[in-house]
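Beneath this line is the structure, given in structure tokens, with notes to follow.
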Amino acid sequence: MSRHADGLVRAILGPTNTGKTHLAIERMCAHSSGVIGFPLRLLAREVYDRVVALKGEKQVALVTGEERIVPKDARYVLCTAESMPVPQAQGELLPGEPGDLPRHYAFAAIDEAQLGMDPERGHVFTDRMLRARGREETLILGSDTLRPIVRELLPEAEIVSRPRFSTLSYAGSTKLSRLPPRSAIVAFSAEQVYAIAEMLRRFKGGAAVVMGALSPATRNAQVDLFQRGEVDYLVATDAIGMGLNMDVKHVAFAGLSKFDGQRERRLRIPEMAQIAGRAGRHQTDGTFGTLAVGDKSAEFTDEEIANIEAHRFRPLESVYWRNAHLDFRSVANLIASLEEKPDDPMLRSAPVAIDLAVLKSLAEDPAIAAMGGQRARTLWACCGLPDFRKVGPTHHARMVRRIFSYIGEGGHIPQDWFAAEVTRLDQVMGDIEVLADRLAGIRSWAYIAQRSDWLQNPARWAERTREVEARLSDALHAGLTQRFVDRRTAILVRDIGAHGADALPVTVAADGEVSVGPEPIGHLAGFDFKVDPTAHHADKRLLLAAAERRLGKELSRRARKLIDAPDTAFQLVEDGDRLAIAWEGNILARLAPGRSLTEPAVRTVRALDRLSAPQRSALRARLERWLETMIERHLSPLKQLSDAASDKNVAPGVRAVAAMLADTGGLLPRKALSAAIQHLEKADRTTLHKLRVRLGALDVFVATLLKPAAQYWRAALLAVRDDRALPTLPRPGTALLDETADPNAAALAFRPVGKKWLRVDMADRLATHALQVKQRDGDDPVDLALATSIGLDAADIRKLMAEIGYVPQGETWKWRGAGRRTQQARKRGKQPRRPHKPNVFTEAFKDFKR
């Protein structure tokens, strides 16, 4: 065996499920002391719990950026790679407390060393691989792709290959609803994780959620849901690829691309294998595949499948490196030393990480750039504060600068400010996104609380931040469980799978009562099943699942019945502020604005989603036909106007009038159409007459649309189009409404007369009488008998006659006719000075004479 100056160095290389981490734990516990650096806080915590069970709490330490459990006599340290104590390089300022932990151990190991190619953290893993050494033994754990790197950079190291304990094979593409139990679905954004978990809640009863941003407490609580079998599915980010061990039989990829901080790219084959390798632990075989989403780019290629199954990957050609020998004579020198180029071709300069980006941002201030010595060291330590909130270098630099302003001269962060920020985050109300954001925030303050040189009472504030994180973790776990886990459905799905659906016969009575055996468990109203609230809780879960599983035939039968049902089976009803189509009092669809007033859209309710796609489509088509029939039956003149408005063979003048009437439901004041009416030819007027359009003196309307049924359907269509509630319509036969009438209802068939509303056909009769008197030079243009029978008083009559074109003159009425200036100009045989503006009363009189 080859030996390093500090002891035996071995590289344990191989794919997932080769027992590398287990070996490291065993070897560490066999030594008098040891340290292991992990890629994730979650993994460090998991192994910490295992070692505590072996060695006891007093001998084991946990050191991460946000959490430090360091007993006085601790001999074994589990930590993140960044927090790993290593021999100190000249001028280096390590994370953590000076003197807090020893720098030398009998055993040392770095896990997932192939992460030296990670753009953000790779230089940390490379540094630990090169410098973390145990006095007696050092293990470098990683993928076999690391072999050429180890041979070149650590020629003294012994390389040990370990085969995978179980077989990993490709299982193809699977729909989410057909995923086998004990599956993990891997997505690459929090939004996608939540969406998939929501679908699994509906299909399978729920799923546990695991993401790298979760606290250890939340993550462990979610994993326990999966491990205990309360849910059979786990939805996670690629964080599960970093050594988190669970009883997963199948790994399904929701996609094969991810955003790496700079661009959206396809996963590399080693990354795919690292994630897929979570399936099949120890000697249990596992499978991997994709979710069937219809996107070819989200499918594995033959080459990728072959390489993953054979654990055959392209070796790494280099790893990222950043200089650890730092120059603190000035901040400018510090930046220069951090950007120093490596002299080994196997090492690549690391991309600018968040700490260096923040340092450069702050160094734009000349006063900071000139700092050196201890102040530069302190500034660099402040820049090491991780950007847990993911706000980017610019925003993160503001927080770092404020912290440095307090501690730069050996001071401390004000307790009032620290306490206020922690208190602001100590709230457990809100949805899971808000809670996750608060957890990210408290991690920053937990990190700060681990620095004894930054706070006056760090132990107190470390305890305070742990308490807040624990509360937020519990709240987030409860929120995730409430949102993504339906324990009732999960238990029933498994129970039915074990006992068979035929063991629980389900019957549906004529009145919709659903029974399992002799016991009623709920009621099927239309297509919506509601469980019986009086059912015993213990029986309710099993019986409900059986009913839901067997209701498909009944729902299909009802769908077929409705598709063939007569028009009388459906009704238009009010559903809150919306209008809906109902069957036997059960809402089937709601109306929404469509292409035109007479073509509203039909939106079926979610209860119909239980039907097959062809049946759902056929039922929607049946509802649309019924609606078309009702509109044709009650509003055929309005449909004819709409057709005429779009018919290019119809004269432009007619199309203009028809379009305006069709858009408003068949009624408009004549003033609104005066310009269009003025240009109508005799043939146009004949066409409008055939369309049943009345060019009245005051209003243009279709008389048949004033009937009660037509008014109701016009009101309904206008309410749908304008997105408002159906107004309260007047009683059939009402000719006059008072000022309390609903304007939306009155506008359907009435015109305002002062504060009252007069039905337009009654107003037209009074106007017709007045114009007849004008034509034959009669005495009284007012049909007093009709006006009185309607209920008009003297004031109402004056207002109406003024709109017709008459003004009172003593005891008689005078016709206003055309304007005075126009009449005088005509007598002189001259044209008026200004162009003649059409007078609605004169035009109406001309129409009447025609």
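By order in the structure tokens, chains are A, B, ...; within a chain, residues start at 1; ligands start at 1, following the order shown.
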
**Report entry** Who sits within 8 Å of stretch 791-804 of chain A, only C-alpha atoms, same chain under 6 positions skipped, as an MDAnalysis selection string
**Finding:** chainID A and resid 697:698 736 753:754 763 767 770 782 841

Take the residues from that selection and write them out as a tab-separated table (two decimals), in the first residue's frame, keeping C-alpha atoms.
chain	number	residue	atom	x	y	z
A	697	ALA	CA	-89.55	57.55	-33.26
A	698	LEU	CA	-87.66	57.09	-30.01
A	736	LEU	CA	-94.02	51.26	-16.30
A	753	VAL	CA	-88.78	58.90	-18.68
A	754	GLY	CA	-87.57	61.18	-15.93
A	763	ALA	CA	-93.45	54.72	-25.77
A	767	ALA	CA	-94.94	58.61	-30.27
A	770	ALA	CA	-98.24	62.14	-31.75
A	782	VAL	CA	-101.12	63.18	-26.59
A	841	PHE	CA	-87.41	64.26	-34.38

Report task. Would you list the contacts of A:Val702 as a ChimeraX atom specification, taking every protein, DNA or RNA residue within 9 Å and counting only C-alpha atoms, but skipping same-chain residues closer than 6 positions in sequence? Result -> /A:637-638,666-667,691-694

Residues as selected, N, CA, C and O atoms, written as an mmCIF file, in the first residue's frame, can you do that?
data_model
loop_
_atom_site.group_PDB
_atom_site.id
_atom_site.type_symbol
_atom_site.label_atom_id
_atom_site.label_comp_id
_atom_site.auth_asym_id
_atom_site.auth_seq_id
_atom_site.Cartn_x
_atom_site.Cartn_y
_atom_site.Cartn_z
ATOM 1 N N PRO A 637 -84.770 36.275 -33.696
ATOM 2 C CA PRO A 637 -84.518 37.554 -34.371
ATOM 3 C C PRO A 637 -83.123 38.103 -34.068
ATOM 4 O O PRO A 637 -82.488 38.700 -34.939
ATOM 5 N N LEU A 638 -82.682 37.901 -32.862
ATOM 6 C CA LEU A 638 -81.353 38.386 -32.498
ATOM 7 C C LEU A 638 -80.272 37.603 -33.244
ATOM 8 O O LEU A 638 -79.273 38.172 -33.690
ATOM 9 N N GLY A 666 -80.741 43.802 -29.194
ATOM 10 C CA GLY A 666 -81.943 44.091 -29.963
ATOM 11 C C GLY A 666 -82.671 45.357 -29.593
ATOM 12 O O GLY A 666 -83.822 45.542 -29.995
ATOM 13 N N LEU A 667 -82.030 46.287 -28.878
ATOM 14 C CA LEU A 667 -82.697 47.526 -28.485
ATOM 15 C C LEU A 667 -81.651 48.631 -28.364
ATOM 16 O O LEU A 667 -80.626 48.458 -27.700
ATOM 17 N N LEU A 691 -86.349 41.767 -41.098
ATOM 18 C CA LEU A 691 -85.633 41.292 -39.900
ATOM 19 C C LEU A 691 -86.387 41.658 -38.618
ATOM 20 O O LEU A 691 -85.877 41.478 -37.517
ATOM 21 N N ARG A 692 -87.592 42.191 -38.794
ATOM 22 C CA ARG A 692 -88.484 42.563 -37.682
ATOM 23 C C ARG A 692 -87.928 43.711 -36.842
ATOM 24 O O ARG A 692 -88.182 43.811 -35.641
ATOM 25 N N VAL A 693 -87.152 44.572 -37.478
ATOM 26 C CA VAL A 693 -86.599 45.739 -36.785
ATOM 27 C C VAL A 693 -87.577 46.898 -36.919
ATOM 28 O O VAL A 693 -88.010 47.242 -38.024
ATOM 29 N N ARG A 694 -87.939 47.492 -35.817
ATOM 30 C CA ARG A 694 -88.849 48.633 -35.778
ATOM 31 C C ARG A 694 -88.032 49.915 -35.628
ATOM 32 O O ARG A 694 -87.348 50.119 -34.627
#

Query raised in the report: Skipping near chain neighbours, those fewer than 3 positions away, what residues fall within 6 Å of A:Ala254 using only C-alpha atoms, listed as a list in words?
Result: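 Returned residues: Val186, Ala187 and Leu291 of chain A.
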
Requested in this report: Please give the complete set of residues from stretch 326-503 of chain A that DSSP, run on the backbone, assigns to strand (DSSP E or B), formatted as an MDAnalysis selection string.
Outcome: chainID A and resid 347:349 485

Requested in this report: Find the residues around stretch 444-461 of chain A up to 6 Å (only C-alpha atoms counted), leave out those fewer than 2 positions away in its own chain, and share them as an NGL selection string.
Outcome: :A and (65-66 or 412-413 or 441-442 or 463-465)

Would you save the residues of that selection, restricted to N, CA, C and O atoms, as a PDB file, in the first residue's frame?
ATOM      1  N   GLY A  65     -22.585  25.234   8.459  1.00  0.00           N
ATOM      2  CA  GLY A  65     -22.632  26.689   8.527  1.00  0.00           C
ATOM      3  C   GLY A  65     -23.646  27.218   9.507  1.00  0.00           C
ATOM      4  O   GLY A  65     -23.407  28.207  10.191  1.00  0.00           O
ATOM      5  N   GLU A  66     -24.792  26.538   9.648  1.00  0.00           N
ATOM      6  CA  GLU A  66     -25.873  27.045  10.482  1.00  0.00           C
ATOM      7  C   GLU A  66     -26.022  26.298  11.795  1.00  0.00           C
ATOM      8  O   GLU A  66     -26.853  26.683  12.614  1.00  0.00           O
ATOM      9  N   HIS A 412     -19.111  44.199  17.706  1.00  0.00           N
ATOM     10  CA  HIS A 412     -20.098  43.130  17.636  1.00  0.00           C
ATOM     11  C   HIS A 412     -21.367  43.628  16.951  1.00  0.00           C
ATOM     12  O   HIS A 412     -21.657  44.832  16.955  1.00  0.00           O
ATOM     13  N   ILE A 413     -22.106  42.695  16.408  1.00  0.00           N
ATOM     14  CA  ILE A 413     -23.396  43.021  15.797  1.00  0.00           C
ATOM     15  C   ILE A 413     -24.350  43.450  16.904  1.00  0.00           C
ATOM     16  O   ILE A 413     -24.463  42.767  17.929  1.00  0.00           O
ATOM     17  N   GLY A 441     -34.135  32.613   5.421  1.00  0.00           N
ATOM     18  CA  GLY A 441     -33.675  33.796   6.145  1.00  0.00           C
ATOM     19  C   GLY A 441     -33.069  33.452   7.490  1.00  0.00           C
ATOM     20  O   GLY A 441     -32.011  33.978   7.870  1.00  0.00           O
ATOM     21  N   ILE A 442     -33.704  32.550   8.239  1.00  0.00           N
ATOM     22  CA  ILE A 442     -33.186  32.229   9.584  1.00  0.00           C
ATOM     23  C   ILE A 442     -31.865  31.478   9.479  1.00  0.00           C
ATOM     24  O   ILE A 442     -31.035  31.519  10.414  1.00  0.00           O
ATOM     25  N   GLU A 463     -28.991  29.375  20.294  1.00  0.00           N
ATOM     26  CA  GLU A 463     -30.160  28.660  20.807  1.00  0.00           C
ATOM     27  C   GLU A 463     -31.449  29.293  20.299  1.00  0.00           C
ATOM     28  O   GLU A 463     -32.389  28.593  19.917  1.00  0.00           O
ATOM     29  N   ARG A 464     -31.459  30.625  20.256  1.00  0.00           N
ATOM     30  CA  ARG A 464     -32.659  31.340  19.780  1.00  0.00           C
ATOM     31  C   ARG A 464     -32.925  31.016  18.311  1.00  0.00           C
ATOM     32  O   ARG A 464     -34.060  30.730  17.919  1.00  0.00           O
ATOM     33  N   THR A 465     -31.903  31.042  17.475  1.00  0.00           N
ATOM     34  CA  THR A 465     -32.111  30.747  16.050  1.00  0.00           C
ATOM     35  C   THR A 465     -32.501  29.292  15.843  1.00  0.00           C
ATOM     36  O   THR A 465     -33.281  28.971  14.946  1.00  0.00           O
TER      37      THR A 465
END

If you count only C-alpha atoms, which residues fall within 12 Å of A:Met346, apart from same-chain ones fewer than 4 positions away, as an mmCIF file with N, CA, C and O atoms, in the first residue's frame?
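Writing the result to around-v2.cif gives the following:
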data_model
loop_
_atom_site.group_PDB
_atom_site.id
_atom_site.type_symbol
_atom_site.label_atom_id
_atom_site.label_comp_id
_atom_site.auth_asym_id
_atom_site.auth_seq_id
_atom_site.Cartn_x
_atom_site.Cartn_y
_atom_site.Cartn_z
ATOM 1 N N GLY A 116 -15.756 18.262 -7.298
ATOM 2 C CA GLY A 116 -14.735 19.234 -7.677
ATOM 3 C C GLY A 116 -15.021 19.883 -9.013
ATOM 4 O O GLY A 116 -14.443 20.926 -9.334
ATOM 5 N N MET A 117 -15.942 19.325 -9.796
ATOM 6 C CA MET A 117 -16.336 19.940 -11.071
ATOM 7 C C MET A 117 -17.581 20.800 -10.946
ATOM 8 O O MET A 117 -18.094 21.292 -11.944
ATOM 9 N N THR A 126 -12.117 20.225 -4.182
ATOM 10 C CA THR A 126 -10.745 20.009 -4.644
ATOM 11 C C THR A 126 -9.745 20.309 -3.525
ATOM 12 O O THR A 126 -8.795 19.542 -3.297
ATOM 13 N N LEU A 146 -13.446 10.112 -11.192
ATOM 14 C CA LEU A 146 -12.393 10.860 -10.519
ATOM 15 C C LEU A 146 -11.023 10.184 -10.642
ATOM 16 O O LEU A 146 -10.001 10.759 -10.254
ATOM 17 N N ARG A 147 -10.972 8.971 -11.194
ATOM 18 C CA ARG A 147 -9.738 8.178 -11.211
ATOM 19 C C ARG A 147 -8.544 8.936 -11.815
ATOM 20 O O ARG A 147 -7.460 8.979 -11.208
ATOM 21 N N PRO A 148 -8.634 9.528 -13.037
ATOM 22 C CA PRO A 148 -7.451 10.210 -13.589
ATOM 23 C C PRO A 148 -7.022 11.412 -12.749
ATOM 24 O O PRO A 148 -5.827 11.727 -12.710
ATOM 25 N N ILE A 149 -7.949 12.064 -12.092
ATOM 26 C CA ILE A 149 -7.599 13.206 -11.250
ATOM 27 C C ILE A 149 -6.769 12.732 -10.066
ATOM 28 O O ILE A 149 -5.742 13.331 -9.708
ATOM 29 N N VAL A 150 -7.209 11.630 -9.443
ATOM 30 C CA VAL A 150 -6.481 11.106 -8.282
ATOM 31 C C VAL A 150 -5.087 10.639 -8.706
ATOM 32 O O VAL A 150 -4.086 10.914 -8.028
ATOM 33 N N ARG A 151 -5.011 9.964 -9.850
ATOM 34 C CA ARG A 151 -3.713 9.470 -10.295
ATOM 35 C C ARG A 151 -2.731 10.610 -10.540
ATOM 36 O O ARG A 151 -1.544 10.496 -10.253
ATOM 37 N N GLU A 152 -3.219 11.710 -11.087
ATOM 38 C CA GLU A 152 -2.335 12.823 -11.423
ATOM 39 C C GLU A 152 -1.996 13.673 -10.206
ATOM 40 O O GLU A 152 -0.842 14.031 -9.993
ATOM 41 N N LEU A 153 -3.006 14.019 -9.408
ATOM 42 C CA LEU A 153 -2.790 14.947 -8.302
ATOM 43 C C LEU A 153 -2.313 14.239 -7.044
ATOM 44 O O LEU A 153 -1.635 14.847 -6.210
ATOM 45 N N LEU A 154 -2.715 12.969 -6.866
ATOM 46 C CA LEU A 154 -2.337 12.220 -5.663
ATOM 47 C C LEU A 154 -1.703 10.890 -6.073
ATOM 48 O O LEU A 154 -2.289 9.815 -5.887
ATOM 49 N N PRO A 315 -14.248 9.888 -17.962
ATOM 50 C CA PRO A 315 -13.451 10.376 -16.825
ATOM 51 C C PRO A 315 -13.340 11.892 -16.825
ATOM 52 O O PRO A 315 -13.375 12.543 -17.880
ATOM 53 N N LEU A 316 -13.195 12.447 -15.634
ATOM 54 C CA LEU A 316 -12.998 13.885 -15.506
ATOM 55 C C LEU A 316 -11.627 14.261 -16.031
ATOM 56 O O LEU A 316 -10.630 13.565 -15.803
ATOM 57 N N GLU A 317 -11.569 15.358 -16.747
ATOM 58 C CA GLU A 317 -10.296 15.832 -17.285
ATOM 59 C C GLU A 317 -9.658 16.884 -16.393
ATOM 60 O O GLU A 317 -8.456 17.149 -16.495
ATOM 61 N N SER A 318 -10.473 17.497 -15.515
ATOM 62 C CA SER A 318 -9.951 18.516 -14.614
ATOM 63 C C SER A 318 -10.982 18.774 -13.528
ATOM 64 O O SER A 318 -12.129 18.320 -13.611
ATOM 65 N N VAL A 319 -10.550 19.482 -12.503
ATOM 66 C CA VAL A 319 -11.451 19.912 -11.436
ATOM 67 C C VAL A 319 -11.167 21.382 -11.147
ATOM 68 O O VAL A 319 -10.100 21.907 -11.478
ATOM 69 N N TYR A 320 -12.130 22.036 -10.511
ATOM 70 C CA TYR A 320 -11.968 23.461 -10.206
ATOM 71 C C TYR A 320 -11.072 23.644 -8.985
ATOM 72 O O TYR A 320 -11.109 22.845 -8.031
ATOM 73 N N TRP A 321 -10.324 24.723 -9.010
ATOM 74 C CA TRP A 321 -9.371 25.000 -7.934
ATOM 75 C C TRP A 321 -9.354 26.502 -7.657
ATOM 76 O O TRP A 321 -9.510 27.319 -8.578
ATOM 77 N N LYS A 341 -3.950 31.799 -10.941
ATOM 78 C CA LYS A 341 -4.167 30.675 -11.846
ATOM 79 C C LYS A 341 -3.412 29.441 -11.352
ATOM 80 O O LYS A 341 -2.301 29.544 -10.834
ATOM 81 N N PRO A 342 -4.003 28.244 -11.506
ATOM 82 C CA PRO A 342 -3.291 27.021 -11.117
ATOM 83 C C PRO A 342 -2.188 26.705 -12.122
ATOM 84 O O PRO A 342 -2.258 27.094 -13.297
#

Requested in this report: Record the distance separating atom CA of A:Val331 and atom CA of A:Ser349, expressed in Å with one decimal.
Outcome: 19.6 Å

Report task. Find the residues near stretch 756-762 of chain A: any atom within 10 Å, counting only C-alpha atoms, skip ones fewer than 6 places away on the same chain, and give them as an MDAnalysis selection string. Result -> chainID A and resid 667:669 694 696 698:703 706 733:741 743 746:750 768 786:787 790:792 796 800

Query - Point-to-point distance from atom CA of A:Leu766 to atom CA of A:Ile677, Å rounded to tenths - result: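 A separation of 21.2 Å between them.
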
Requested in this report: Counting only C-alpha atoms, figure out which residue out of A:Ile587, A:Asp343, A:Thr301, A:Pro351 gets nearest to A:Gly261.
Outcome: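 Result for the nearest residue to A:Gly261: A:Pro351.
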
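Compared by their closest atoms to A:Thr598, and using only C-alpha atoms, the residues A:Arg721, A:His769, A:His396, A:His325 rank with A:Arg721 nearest.
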